[in-house]
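Data from protein17.cif: mmCIF, C-alpha atoms
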data_entry
loop_
_atom_site.label_atom_id
_atom_site.label_comp_id
_atom_site.auth_asym_id
_atom_site.auth_seq_id
_atom_site.Cartn_x
_atom_site.Cartn_y
_atom_site.Cartn_z
CA MET A 1 -80.98 -29.48 122.30
CA LYS A 2 -84.64 -28.99 123.16
CA ASN A 3 -83.99 -30.09 126.79
CA THR A 4 -81.09 -27.65 127.10
CA PHE A 5 -83.26 -24.80 125.81
CA VAL A 6 -86.05 -25.64 128.30
CA ALA A 7 -83.52 -25.86 131.15
CA LEU A 8 -82.08 -22.46 130.20
CA LEU A 9 -85.57 -20.94 130.10
CA LEU A 10 -86.35 -22.37 133.54
CA LEU A 11 -83.09 -21.04 134.97
CA ALA A 12 -83.69 -17.60 133.47
CA SER A 13 -87.24 -17.43 134.84
CA ALA A 14 -86.10 -18.62 138.27
CA GLY A 15 -83.40 -15.94 138.31
CA ALA A 16 -85.91 -13.25 137.38
CA TYR A 17 -88.32 -14.48 140.04
CA ALA A 18 -85.60 -14.49 142.70
CA GLN A 19 -84.77 -10.83 142.05
CA THR A 20 -86.51 -8.30 144.24
CA SER A 21 -87.60 -4.85 143.16
CA PRO A 22 -85.66 -1.95 144.65
CA VAL A 23 -88.78 -0.84 146.56
CA LYS A 24 -89.32 -4.28 148.06
CA GLN A 25 -85.61 -4.64 148.85
CA ALA A 26 -85.70 -1.31 150.71
CA LEU A 27 -88.68 -2.56 152.72
CA VAL A 28 -86.93 -5.85 153.49
CA ASP A 29 -83.80 -3.95 154.53
CA LYS A 30 -85.91 -1.76 156.82
CA MET A 31 -87.50 -4.87 158.38
CA LEU A 32 -84.07 -6.40 158.95
CA SER A 33 -82.91 -3.18 160.55
CA LEU A 34 -85.94 -3.14 162.86
CA GLN A 35 -85.42 -6.81 163.69
CA ARG A 36 -81.69 -6.50 164.34
CA PRO A 37 -82.07 -6.64 168.14
CA ALA A 38 -84.06 -9.89 167.83
CA ILE A 39 -81.50 -11.31 165.40
CA GLU A 40 -78.67 -10.43 167.79
CA GLN A 41 -80.60 -11.90 170.73
CA THR A 42 -81.06 -15.17 168.84
CA ALA A 43 -77.32 -15.30 168.17
CA GLN A 44 -76.57 -14.56 171.83
CA VAL A 45 -78.81 -17.38 173.02
CA ILE A 46 -77.15 -19.80 170.60
CA ALA A 47 -73.67 -18.65 171.62
CA GLU A 48 -74.40 -18.91 175.34
CA ARG A 49 -76.11 -22.33 175.20
CA PRO A 50 -72.91 -24.43 175.46
CA ALA A 51 -71.61 -22.24 178.30
CA LEU A 52 -74.87 -22.64 180.24
CA GLN A 53 -74.72 -26.40 179.81
CA MET A 54 -71.12 -26.48 181.00
CA MET A 55 -71.99 -24.23 183.92
CA GLN A 56 -74.67 -26.70 185.04
CA GLN A 57 -72.25 -29.61 184.73
CA ALA A 58 -69.58 -27.64 186.60
CA GLY A 59 -72.03 -26.85 189.39
CA ALA A 60 -72.77 -30.51 189.87
CA ALA A 61 -69.07 -31.42 189.72
CA LEU A 62 -68.21 -28.70 192.24
CA GLN A 63 -70.58 -30.23 194.76
CA THR A 64 -69.36 -33.80 194.29
CA ARG A 65 -65.69 -33.59 193.28
CA VAL A 66 -64.27 -30.47 194.90
CA ALA A 67 -63.44 -30.05 198.56
CA PRO A 68 -65.83 -27.61 200.24
CA GLU A 69 -63.04 -25.17 201.15
CA LYS A 70 -61.99 -24.88 197.47
CA ARG A 71 -65.46 -24.56 195.91
CA GLU A 72 -65.81 -20.80 196.08
CA ALA A 73 -62.42 -20.10 194.49
CA ILE A 74 -62.96 -22.64 191.73
CA ALA A 75 -66.48 -21.34 191.12
CA LYS A 76 -65.02 -17.83 190.62
CA GLU A 77 -62.45 -19.19 188.15
CA ILE A 78 -65.18 -21.00 186.22
CA GLN A 79 -67.32 -17.84 186.17
CA ALA A 80 -64.34 -15.88 184.81
CA ASP A 81 -63.81 -18.48 182.05
CA LEU A 82 -67.51 -18.41 181.17
CA LYS A 83 -67.49 -14.61 181.02
CA LYS A 84 -64.37 -14.63 178.82
CA TYR A 85 -66.04 -17.13 176.47
CA ALA A 86 -69.23 -15.04 176.27
CA ASP A 87 -67.27 -11.80 175.76
CA GLU A 88 -65.40 -13.39 172.85
CA VAL A 89 -68.07 -15.54 171.20
CA VAL A 90 -71.31 -13.54 171.58
CA PRO A 91 -70.16 -10.54 169.49
CA LEU A 92 -68.82 -12.87 166.78
CA MET A 93 -72.10 -14.79 166.64
CA GLN A 94 -74.11 -11.56 166.58
CA GLN A 95 -72.03 -10.13 163.74
CA GLN A 96 -72.41 -13.32 161.73
CA ALA A 97 -76.17 -13.47 162.38
CA VAL A 98 -76.60 -9.90 161.15
CA LYS A 99 -74.47 -10.76 158.10
CA LEU A 100 -76.54 -13.90 157.34
CA ALA A 101 -79.94 -12.30 157.95
CA PRO A 102 -80.39 -10.77 154.47
CA ALA A 103 -79.72 -14.12 152.76
CA THR A 104 -82.01 -16.02 155.13
CA VAL A 105 -84.66 -13.91 156.84
CA GLY A 106 -84.52 -11.24 154.15
CA VAL A 107 -85.16 -13.75 151.38
CA MET A 108 -88.10 -15.20 153.31
CA LEU A 109 -89.58 -11.76 153.87
CA ALA A 110 -89.23 -10.92 150.17
CA GLU A 111 -90.80 -14.22 149.09
CA LYS A 112 -93.66 -14.40 151.61
CA PHE A 113 -94.77 -10.77 151.91
CA THR A 114 -96.01 -8.23 149.40
CA ASP A 115 -94.76 -4.66 149.41
CA ASP A 116 -97.98 -3.58 151.09
CA GLU A 117 -97.69 -6.26 153.78
CA LEU A 118 -94.10 -5.24 154.51
CA LYS A 119 -95.22 -1.60 154.81
CA GLN A 120 -97.92 -2.69 157.27
CA LEU A 121 -95.43 -4.71 159.33
CA ILE A 122 -93.04 -1.78 159.47
CA ALA A 123 -95.87 0.54 160.55
CA ILE A 124 -96.85 -1.89 163.32
CA ILE A 125 -93.28 -2.34 164.57
CA GLU A 126 -92.61 1.41 164.51
CA SER A 127 -95.91 2.41 166.08
CA PRO A 128 -95.70 4.14 169.46
CA VAL A 129 -98.33 1.75 170.81
CA ASN A 130 -96.21 -1.27 169.87
CA ARG A 131 -93.11 0.29 171.41
CA LYS A 132 -95.01 1.03 174.61
CA PHE A 133 -96.33 -2.55 174.67
CA LEU A 134 -92.83 -3.99 174.18
CA GLN A 135 -91.40 -1.75 176.89
CA MET A 136 -94.00 -3.14 179.28
CA GLY A 137 -92.97 -6.72 178.48
CA GLY A 138 -90.70 -7.17 181.48
CA GLU A 139 -93.17 -5.51 183.84
CA MET A 140 -96.03 -7.69 182.58
CA GLN A 141 -93.93 -10.86 182.86
CA LYS A 142 -92.91 -9.95 186.42
CA ALA A 143 -96.51 -9.25 187.45
CA LEU A 144 -97.66 -12.57 186.02
CA ALA A 145 -94.72 -14.48 187.52
CA ASP A 146 -95.24 -12.93 190.97
CA LYS A 147 -98.94 -13.79 190.97
CA LEU A 148 -98.31 -17.28 189.56
CA VAL A 149 -95.72 -18.07 192.23
CA ALA A 150 -97.97 -16.73 194.98
CA ASP A 151 -100.98 -18.69 193.73
CA MET A 152 -99.14 -21.94 193.05
CA GLN A 153 -96.58 -22.03 195.87
CA ALA A 154 -98.74 -24.17 198.17
CA THR A 155 -99.33 -26.65 195.35
CA VAL A 156 -95.80 -26.73 193.95
CA ASP A 157 -93.68 -26.65 197.15
CA PRO A 158 -94.68 -30.16 198.30
CA LYS A 159 -93.95 -31.48 194.81
CA VAL A 160 -90.53 -29.80 194.80
CA LYS A 161 -89.77 -31.32 198.21
CA ALA A 162 -90.92 -34.75 196.99
CA LEU A 163 -88.67 -34.41 193.94
CA ALA A 164 -85.71 -33.38 196.10
CA THR A 165 -86.34 -36.35 198.39
CA ALA A 166 -86.50 -38.73 195.43
CA MET A 167 -83.30 -37.31 193.94
CA ASP A 168 -81.52 -37.50 197.31
CA LYS A 169 -82.65 -41.13 197.61
CA HIS A 170 -81.29 -41.95 194.15
CA LEU A 171 -78.00 -40.30 195.04
CA GLY A 172 -77.84 -42.07 198.40
CA LEU A 173 -77.94 -38.81 200.34
CA PRO A 174 -79.64 -38.42 203.72
CA ALA A 175 -83.33 -37.56 203.66
CA PRO A 176 -84.11 -33.80 203.85
CA ALA A 177 -85.64 -34.20 207.33
CA ALA A 178 -82.42 -35.77 208.57
CA LYS A 179 -80.40 -32.97 206.96
CA SER A 180 -82.48 -30.24 208.57
CA ALA A 181 -82.42 -31.98 211.95
CA SER A 182 -78.64 -32.30 211.85
CA GLY A 183 -78.21 -28.79 210.43
CA SER A 184 -80.13 -27.15 213.32
#

Written as structure tokens, how would this file's structure read?
Amino acid sequence: MKNTFVALLLLASAGAYAQTSPVKQALVDKMLSLQRPAIEQTAQVIAERPALQMMQQAGAALQTRVAPEKREAIAKEIQADLKKYADEVVPLMQQQAVKLAPATVGVMLAEKFTDDELKQLIAIIESPVNRKFLQMGGEMQKALADKLVADMQATVDPKVKALATAMDKHLGLPAPAAKSASGS
């Protein structure tokens, strides 16, 4: 009897602890709303992962198992199938991710952040400076990538060629020099 009473008290206190105040819940809901694009992007990446893997496998199979004159047509058919898959699966995954977010991400936000911290996060995310910074993301990545490629091309190109030569050797293909000589 005493053990049952203690267990009931523990369950009751855990239930009370798990409940979130209306103010905090509103803040969590706002955070989830602001994070919806990231949640949907995560779902899209997960949904597209199998298709990308299959596309890589199909690319290799096209080169080794399909007659050269049929490759382009088959590649178009595969692309159409991949697009159909993505058009069907991505929205479903995104809808489910948005549906699951309150019970996963929302619970974590409510447990790990105070009301004040959630207010601060929302202010940061909504700030014009943050929006401007996020809008520059692609531009900054491109600038870095362009400079990185330019600076590292002389170092990386010989390594890429060495890798290609090694892979060709493993596959029993002619050496790149022989290919370029016969292709000219």

Which residue gives the smallest distance to Lys30 (chain A) among A:Ala123, A:Val45, A:Ile74, A:Val66, with only C-alpha atoms counted?
A:Ala123

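Here CA of Ala143 (chain A) is placed at a distance of 22.6 Å from CA of Val160 (chain A).
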
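Residues lying within 7 Å of region 87-95 of chain A, counting all atoms listed in the file and ignoring same-chain neighbours fewer than 4 positions away, are Glu40, Ala43, Gln44, Ala47, Lys83 and Lys99 of chain A.
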
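Here the PyMOL selection byres ((chain A and resi 29) around 12) matches the residues A:Thr20, A:Pro22, A:Val23, A:Lys24, A:Gln25, A:Ala26, A:Leu27, A:Val28, A:Lys30, A:Met31, A:Leu32, A:Ser33, A:Leu34, A:Gln35, A:Arg36, A:Val98, A:Ala101, A:Pro102, A:Ala103, A:Val105, A:Gly106, A:Val107, A:Leu109, A:Ala110, A:Leu118, A:Lys119, A:Ile122.
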
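Our summary of the geometry notes that CA of Gln79 (chain A) is positioned 10.1 Å from CA of Ala58 (chain A).
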
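Distance-wise, CA of Glu117 (chain A) and CA of Met140 (chain A) end up 28.9 Å apart.
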
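Listed by chain and then by number, the residues chosen by the PyMOL selection byres ((chain A and resi 55) around 12) in this file are Glu48, Arg49, Pro50, Ala51, Leu52, Gln53, Met54, Gln56, Gln57, Ala58, Gly59, Ala60, Ala61, Leu62, Ala75, Lys76, Glu77, Ile78, Gln79, Ala80, Asp81, Leu82, Lys83 and Tyr85 of chain A.
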